[in-house]
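Student: Structure file data_17.pdb (PDB, C-alpha atoms) right here:
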```pdb
ATOM      1  CA  MET P 259       0.000   0.000   0.000
ATOM      2  CA  VAL P 260       1.229   3.452  -0.883
ATOM      3  CA  ALA P 261       0.405   6.580   1.070
ATOM      4  CA  ILE P 262       0.074   9.912  -0.739
ATOM      5  CA  ASP P 263      -0.445  13.369   0.620
ATOM      6  CA  GLU P 264      -3.552  15.485   0.114
ATOM      7  CA  ALA P 265      -2.049  17.625  -2.658
ATOM      8  CA  ALA P 266      -1.181  14.558  -4.738
ATOM      9  CA  ALA P 267      -4.657  13.091  -4.158
ATOM     10  CA  LEU P 268      -6.327  16.330  -5.289
ATOM     11  CA  GLU P 269      -4.141  16.413  -8.391
ATOM     12  CA  LEU P 270      -5.032  12.827  -9.269
ATOM     13  CA  LEU P 271      -8.727  13.371  -8.620
ATOM     14  CA  GLY P 272      -8.733  16.527 -10.722
ATOM     15  CA  GLN P 273      -7.516  14.765 -13.861
ATOM     16  CA  PRO P 274     -10.183  13.961 -16.423
ATOM     17  CA  VAL P 275     -11.034  10.326 -16.896
ATOM     18  CA  SER P 276     -10.535   9.197 -20.429
ATOM     19  CA  PHE P 277     -11.970   6.057 -21.892
ATOM     20  CA  SER P 278     -10.323   4.271 -24.722
ATOM     21  CA  THR P 279     -12.247   2.726 -27.564
ATOM     22  CA  GLU P 280     -11.430  -0.597 -25.951
ATOM     23  CA  ASP P 281     -13.362   0.474 -22.826
ATOM     24  CA  GLU P 282     -16.314   1.502 -24.983
ATOM     25  CA  ASP P 283     -16.171  -1.831 -26.776
ATOM     26  CA  LYS P 284     -16.191  -3.619 -23.431
ATOM     27  CA  ARG P 285     -19.222  -1.625 -22.295
ATOM     28  CA  TRP P 286     -21.052  -2.426 -25.525
ATOM     29  CA  LEU P 287     -20.186  -6.123 -25.138
ATOM     30  CA  VAL P 288     -21.401  -6.226 -21.528
ATOM     31  CA  HIS P 289     -24.631  -4.510 -22.579
ATOM     32  CA  ALA P 290     -25.130  -6.899 -25.506
ATOM     33  CA  LEU P 291     -24.424  -9.941 -23.343
ATOM     34  CA  SER P 292     -26.822  -8.772 -20.641
ATOM     35  CA  ARG P 293     -29.578  -8.227 -23.225
ATOM     36  CA  SER P 294     -28.844 -11.664 -24.672
ATOM     37  CA  LEU P 295     -29.115 -13.201 -21.205
ATOM     38  CA  ALA P 296     -32.362 -11.364 -20.654
ATOM     39  CA  ALA P 297     -33.765 -12.589 -23.965
ATOM     40  CA  GLU P 298     -33.007 -16.199 -23.031
ATOM     41  CA  GLY P 299     -35.100 -16.095 -19.886
ATOM     42  CA  ILE P 300     -38.601 -16.079 -21.316
ATOM     43  CA  SER P 301     -39.008 -19.220 -23.351
ATOM     44  CA  ASP P 302     -42.052 -20.441 -25.205
ATOM     45  CA  ASP P 303     -42.065 -23.410 -22.832
ATOM     46  CA  LEU P 304     -42.552 -21.101 -19.852
ATOM     47  CA  ILE P 305     -45.355 -19.205 -21.587
ATOM     48  CA  ALA P 306     -47.072 -22.473 -22.527
ATOM     49  CA  THR P 307     -46.776 -23.726 -18.944
ATOM     50  CA  LEU P 308     -48.244 -20.481 -17.588
ATOM     51  CA  GLU P 309     -51.166 -20.726 -19.999
ATOM     52  CA  GLU P 310     -51.655 -24.371 -19.074
ATOM     53  CA  ILE P 311     -51.922 -23.712 -15.351
ATOM     54  CA  LEU P 312     -53.982 -20.511 -15.587
ATOM     55  CA  SER P 313     -56.428 -21.565 -18.324
ATOM     56  CA  ASP P 314     -58.280 -24.263 -16.404
ATOM     57  CA  ARG P 315     -60.640 -21.970 -14.479
ATOM     58  CA  PRO P 316     -64.147 -23.093 -13.545
ATOM     59  CA  CYS P 317     -66.895 -21.058 -15.141
ATOM     60  CA  LEU P 318     -69.191 -19.265 -12.753
ATOM     61  CA  PRO P 319     -72.907 -19.329 -13.595
ATOM     62  CA  ASP P 320     -73.644 -15.769 -12.487
ATOM     63  CA  SER P 321     -71.560 -12.695 -12.450
ATOM     64  CA  ALA P 322     -71.616 -10.603  -9.313
ATOM     65  CA  THR P 323     -74.695  -8.626 -10.332
ATOM     66  CA  GLY P 324     -75.800  -9.661 -13.820
ATOM     67  CA  GLY P 325     -77.419 -12.973 -12.831
ATOM     68  CA  ARG P 326     -79.269 -11.480  -9.863
ATOM     69  CA  ARG P 327     -80.631  -8.611 -11.930
ATOM     70  CA  LEU P 328     -81.883 -11.006 -14.557
ATOM     71  CA  ASP P 329     -83.438 -13.235 -11.883
ATOM     72  CA  SER P 330     -85.259 -10.316 -10.257
ATOM     73  CA  LEU P 331     -86.501  -9.078 -13.637
ATOM     74  CA  LEU P 332     -87.804 -12.520 -14.601
ATOM     75  CA  THR P 333     -89.484 -12.918 -11.198
ATOM     76  CA  ARG P 334     -91.237  -9.528 -11.484
ATOM     77  CA  LEU P 335     -92.501 -10.446 -14.947
ATOM     78  CA  GLY P 336     -93.759 -13.799 -13.651
ATOM     79  CA  LEU P 337     -91.469 -15.801 -15.902
ATOM     80  CA  PRO P 338     -89.666 -18.965 -14.804
ATOM     81  CA  LEU P 339     -86.025 -18.753 -13.897
ATOM     82  CA  PRO P 340     -83.597 -20.392 -16.322
ATOM     83  CA  PRO P 341     -82.113 -23.701 -15.221
ATOM     84  CA  ARG P 342     -78.826 -23.270 -13.387
ATOM     85  CA  GLN P 343     -75.764 -25.132 -14.405
ATOM     86  CA  ARG P 344     -73.266 -26.163 -11.829
ATOM     87  CA  PRO P 345     -69.812 -24.717 -12.323
ATOM     88  CA  LYS P 346     -67.463 -27.068 -14.075
ATOM     89  CA  ALA P 347     -65.169 -28.754 -11.638
ATOM     90  CA  VAL P 348     -61.489 -28.167 -12.092
ATOM     91  CA  GLN P 349     -59.656 -31.392 -12.649
ATOM     92  CA  PRO P 350     -56.985 -31.978  -9.999
ATOM     93  CA  LEU P 351     -53.419 -32.257 -11.192
ATOM     94  CA  ALA P 352     -51.651 -35.574 -11.178
ATOM     95  CA  CYS P 353     -48.611 -35.682  -8.892
ATOM     96  CA  GLU P 354     -46.232 -36.107 -11.843
ATOM     97  CA  GLU P 355     -47.810 -33.183 -13.679
ATOM     98  CA  ALA P 356     -47.631 -30.947 -10.607
ATOM     99  CA  LYS P 357     -43.978 -31.897 -10.114
ATOM    100  CA  ARG P 358     -43.162 -31.132 -13.769
ATOM    101  CA  ILE P 359     -44.786 -27.692 -13.608
ATOM    102  CA  THR P 360     -43.219 -26.903 -10.224
ATOM    103  CA  ASP P 361     -39.769 -27.794 -11.573
ATOM    104  CA  ARG P 362     -40.363 -25.585 -14.614
ATOM    105  CA  PHE P 363     -41.388 -22.633 -12.439
ATOM    106  CA  ARG P 364     -38.372 -23.126 -10.161
ATOM    107  CA  ARG P 365     -36.007 -23.116 -13.152
ATOM    108  CA  ALA P 366     -37.689 -19.921 -14.340
ATOM    109  CA  THR P 367     -37.212 -18.371 -10.882
ATOM    110  CA  ARG P 368     -33.462 -19.046 -11.061
ATOM    111  CA  GLN P 369     -33.347 -17.399 -14.479
ATOM    112  CA  PHE P 370     -35.364 -14.388 -13.326
ATOM    113  CA  LEU P 371     -32.931 -13.735 -10.491
ATOM    114  CA  GLN P 372     -30.204 -13.309 -13.115
ATOM    115  CA  ILE P 373     -32.265 -11.501 -15.726
ATOM    116  CA  VAL P 374     -34.388  -9.017 -13.792
ATOM    117  CA  PRO P 375     -31.588  -6.544 -12.924
ATOM    118  CA  HIS P 376     -30.956  -6.080 -16.658
ATOM    119  CA  ARG P 377     -34.593  -5.630 -17.646
ATOM    120  CA  VAL P 378     -36.155  -3.274 -15.078
ATOM    121  CA  ALA P 379     -35.431   0.289 -14.063
ATOM    122  CA  MET P 380     -36.192  -0.275 -10.376
ATOM    123  CA  TYR P 381     -35.384  -3.616  -8.798
ATOM    124  CA  PRO P 382     -38.701  -5.366  -7.932
ATOM    125  CA  THR P 383     -37.790  -6.474  -4.420
ATOM    126  CA  GLU P 384     -41.281  -7.441  -3.272
ATOM    127  CA  GLU P 385     -42.080  -9.421  -6.417
ATOM    128  CA  LEU P 386     -38.819 -11.365  -6.223
ATOM    129  CA  ARG P 387     -39.316 -11.990  -2.503
ATOM    130  CA  LEU P 388     -42.700 -13.530  -3.277
ATOM    131  CA  LEU P 389     -41.209 -15.599  -6.084
ATOM    132  CA  LEU P 390     -38.486 -16.922  -3.776
ATOM    133  CA  ALA P 391     -41.016 -17.726  -1.052
ATOM    134  CA  LEU P 392     -43.121 -19.678  -3.542
ATOM    135  CA  ARG P 393     -40.033 -21.467  -4.841
ATOM    136  CA  ASP P 394     -39.187 -22.643  -1.330
ATOM    137  CA  GLU P 395     -42.743 -23.659  -0.431
ATOM    138  CA  GLN P 396     -43.583 -27.370  -0.321
ATOM    139  CA  PRO P 397     -47.367 -27.708  -0.759
ATOM    140  CA  ASN P 398     -49.188 -30.931  -0.058
ATOM    141  CA  PRO P 399     -50.615 -32.732  -3.128
ATOM    142  CA  TYR P 400     -54.174 -31.520  -2.438
ATOM    143  CA  GLU P 401     -53.100 -27.881  -2.659
ATOM    144  CA  ALA P 402     -50.880 -28.274  -5.730
ATOM    145  CA  LEU P 403     -53.212 -26.544  -8.182
ATOM    146  CA  SER P 404     -53.791 -23.458  -6.040
ATOM    147  CA  TYR P 405     -50.064 -23.297  -5.223
ATOM    148  CA  LEU P 406     -49.131 -23.474  -8.915
ATOM    149  CA  ARG P 407     -51.679 -20.809  -9.789
ATOM    150  CA  ARG P 408     -50.226 -18.455  -7.157
ATOM    151  CA  TYR P 409     -46.740 -19.211  -8.492
ATOM    152  CA  ALA P 410     -47.885 -18.578 -12.084
ATOM    153  CA  LEU P 411     -49.490 -15.265 -11.123
ATOM    154  CA  ALA P 412     -46.263 -14.171  -9.384
ATOM    155  CA  ILE P 413     -44.308 -15.005 -12.556
ATOM    156  CA  VAL P 414     -46.821 -13.136 -14.738
ATOM    157  CA  ALA P 415     -46.543 -10.082 -12.456
ATOM    158  CA  LEU P 416     -42.763 -10.129 -12.833
ATOM    159  CA  LEU P 417     -43.006 -10.554 -16.601
ATOM    160  CA  ASP P 418     -45.361  -7.584 -16.678
ATOM    161  CA  LEU P 419     -42.805  -5.445 -14.834
ATOM    162  CA  MET P 420     -40.066  -6.523 -17.221
ATOM    163  CA  GLY P 421     -42.097  -5.480 -20.254
ATOM    164  CA  ASP P 422     -41.322  -6.172 -23.881
ATOM    165  CA  ASP P 423     -37.783  -6.179 -25.186
ATOM    166  CA  GLU P 424     -38.765  -4.829 -28.594
ATOM    167  CA  GLU P 425     -36.396  -2.105 -29.646
TER     168      GLU P 425
END
```
I'd like the structure from this file rewritten - as structure tokens, please.

Tutor:
Amino acid sequence: MVAIDEAAALELLGQPVSFSTEDEDKRWLVHALSRSLAAEGISDDLIATLEEILSDRPCLPDSATGGRRLDSLLTRLGLPLPPRQRPKAVQPLACEEAKRITDRFRRATRQFLQIVPHRVAMYPTEELRLLLALRDEQPNPYEALSYLRRYALAIVALLDLMGDDEE
């Protein structure tokens, strides 16, 4: 270690910093590599898995107000109420299927931890904390579908924050 006096330190700090073209090339390469890494994180497989887990929603017979309004109107007019259909039951996931989707989401979480700093302006601390908590959770087989839906929604929220990479 070398000790310098205050005058020498001020002289060194006062000198302009010059960057060579090699430094600029290195910056461009780091930027290009980080964008390449970011582009690799969102695969079609992940999108297909998200659609698979989120698309299987049961249909509800009535909306919050529309069905009741129609029922009251029909009752006032003395008309019979339409037959009600039971909501379609959501098929439970097989253990192997739940394990496959969970593994896919956990791989995506690892990738997001590397990619997110290069794709967002402000680091999404809360969203990543939730993603890590879901990654570490071990749900029982009866709660697999709801767990995977929460995990998928957390991933979708993070993808939404990252935005498109179209330039």

Student: To test your reading of the syntax: which residues would the PyMOL selection byres ((chain P and resi 410) around 9) return for the file shown? Reply as number ranges by chain.

Tutor: P: 307-309, 311-312, 363, 405-409, 411-415

Student: Only C-alpha atoms, please: the residues just picked out, written as a PDB file, in the frame of the given file.

Tutor:
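Output file selection-v2.pdb is given in full below:
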```
ATOM      1  CA  THR P 307     -46.776 -23.726 -18.944  1.00  0.00           C
ATOM      2  CA  LEU P 308     -48.244 -20.481 -17.588  1.00  0.00           C
ATOM      3  CA  GLU P 309     -51.166 -20.726 -19.999  1.00  0.00           C
ATOM      4  CA  ILE P 311     -51.922 -23.712 -15.351  1.00  0.00           C
ATOM      5  CA  LEU P 312     -53.982 -20.511 -15.587  1.00  0.00           C
ATOM      6  CA  PHE P 363     -41.388 -22.633 -12.439  1.00  0.00           C
ATOM      7  CA  TYR P 405     -50.064 -23.297  -5.223  1.00  0.00           C
ATOM      8  CA  LEU P 406     -49.131 -23.474  -8.915  1.00  0.00           C
ATOM      9  CA  ARG P 407     -51.679 -20.809  -9.789  1.00  0.00           C
ATOM     10  CA  ARG P 408     -50.226 -18.455  -7.157  1.00  0.00           C
ATOM     11  CA  TYR P 409     -46.740 -19.211  -8.492  1.00  0.00           C
ATOM     12  CA  LEU P 411     -49.490 -15.265 -11.123  1.00  0.00           C
ATOM     13  CA  ALA P 412     -46.263 -14.171  -9.384  1.00  0.00           C
ATOM     14  CA  ILE P 413     -44.308 -15.005 -12.556  1.00  0.00           C
ATOM     15  CA  VAL P 414     -46.821 -13.136 -14.738  1.00  0.00           C
ATOM     16  CA  ALA P 415     -46.543 -10.082 -12.456  1.00  0.00           C
TER      17      ALA P 415
END
```

Student: So which one's closest to Glu401 (chain P), P:Met420, P:Val374, P:Leu351, P:Ala366? Using only C-alpha atoms, please.

Tutor: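 Among P:Met420, P:Val374, P:Leu351, P:Ala366, it is P:Leu351 that comes nearest to Glu401 (chain P).
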
Student: Suppose you want the space between CA of Ile300 (chain P) and CA of Leu417 (chain P); what is it in Å?

Tutor: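 It comes out at 8.5 Å.
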
Student: Between CA of Asp283 (chain P) and CA of Arg377 (chain P), what is the distance in Å, rounded to a tenth?

Tutor: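 Computing it gives 20.9 Å between the two atoms.
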
Student: How many Å lie between CA of Leu392 (chain P) and CA of Leu416 (chain P), rounded to one decimal?

Tutor: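 Value for the CA of Leu392 (chain P)-CA of Leu416 (chain P) distance: 13.3 Å.
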
Student: Using only C-alpha atoms, which of P:Ala266, P:Leu403, P:Leu388, P:Leu335 sits nearest Glu355 (chain P)?

Tutor: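 Among the listed residues, P:Leu403 lies closest to Glu355 (chain P).
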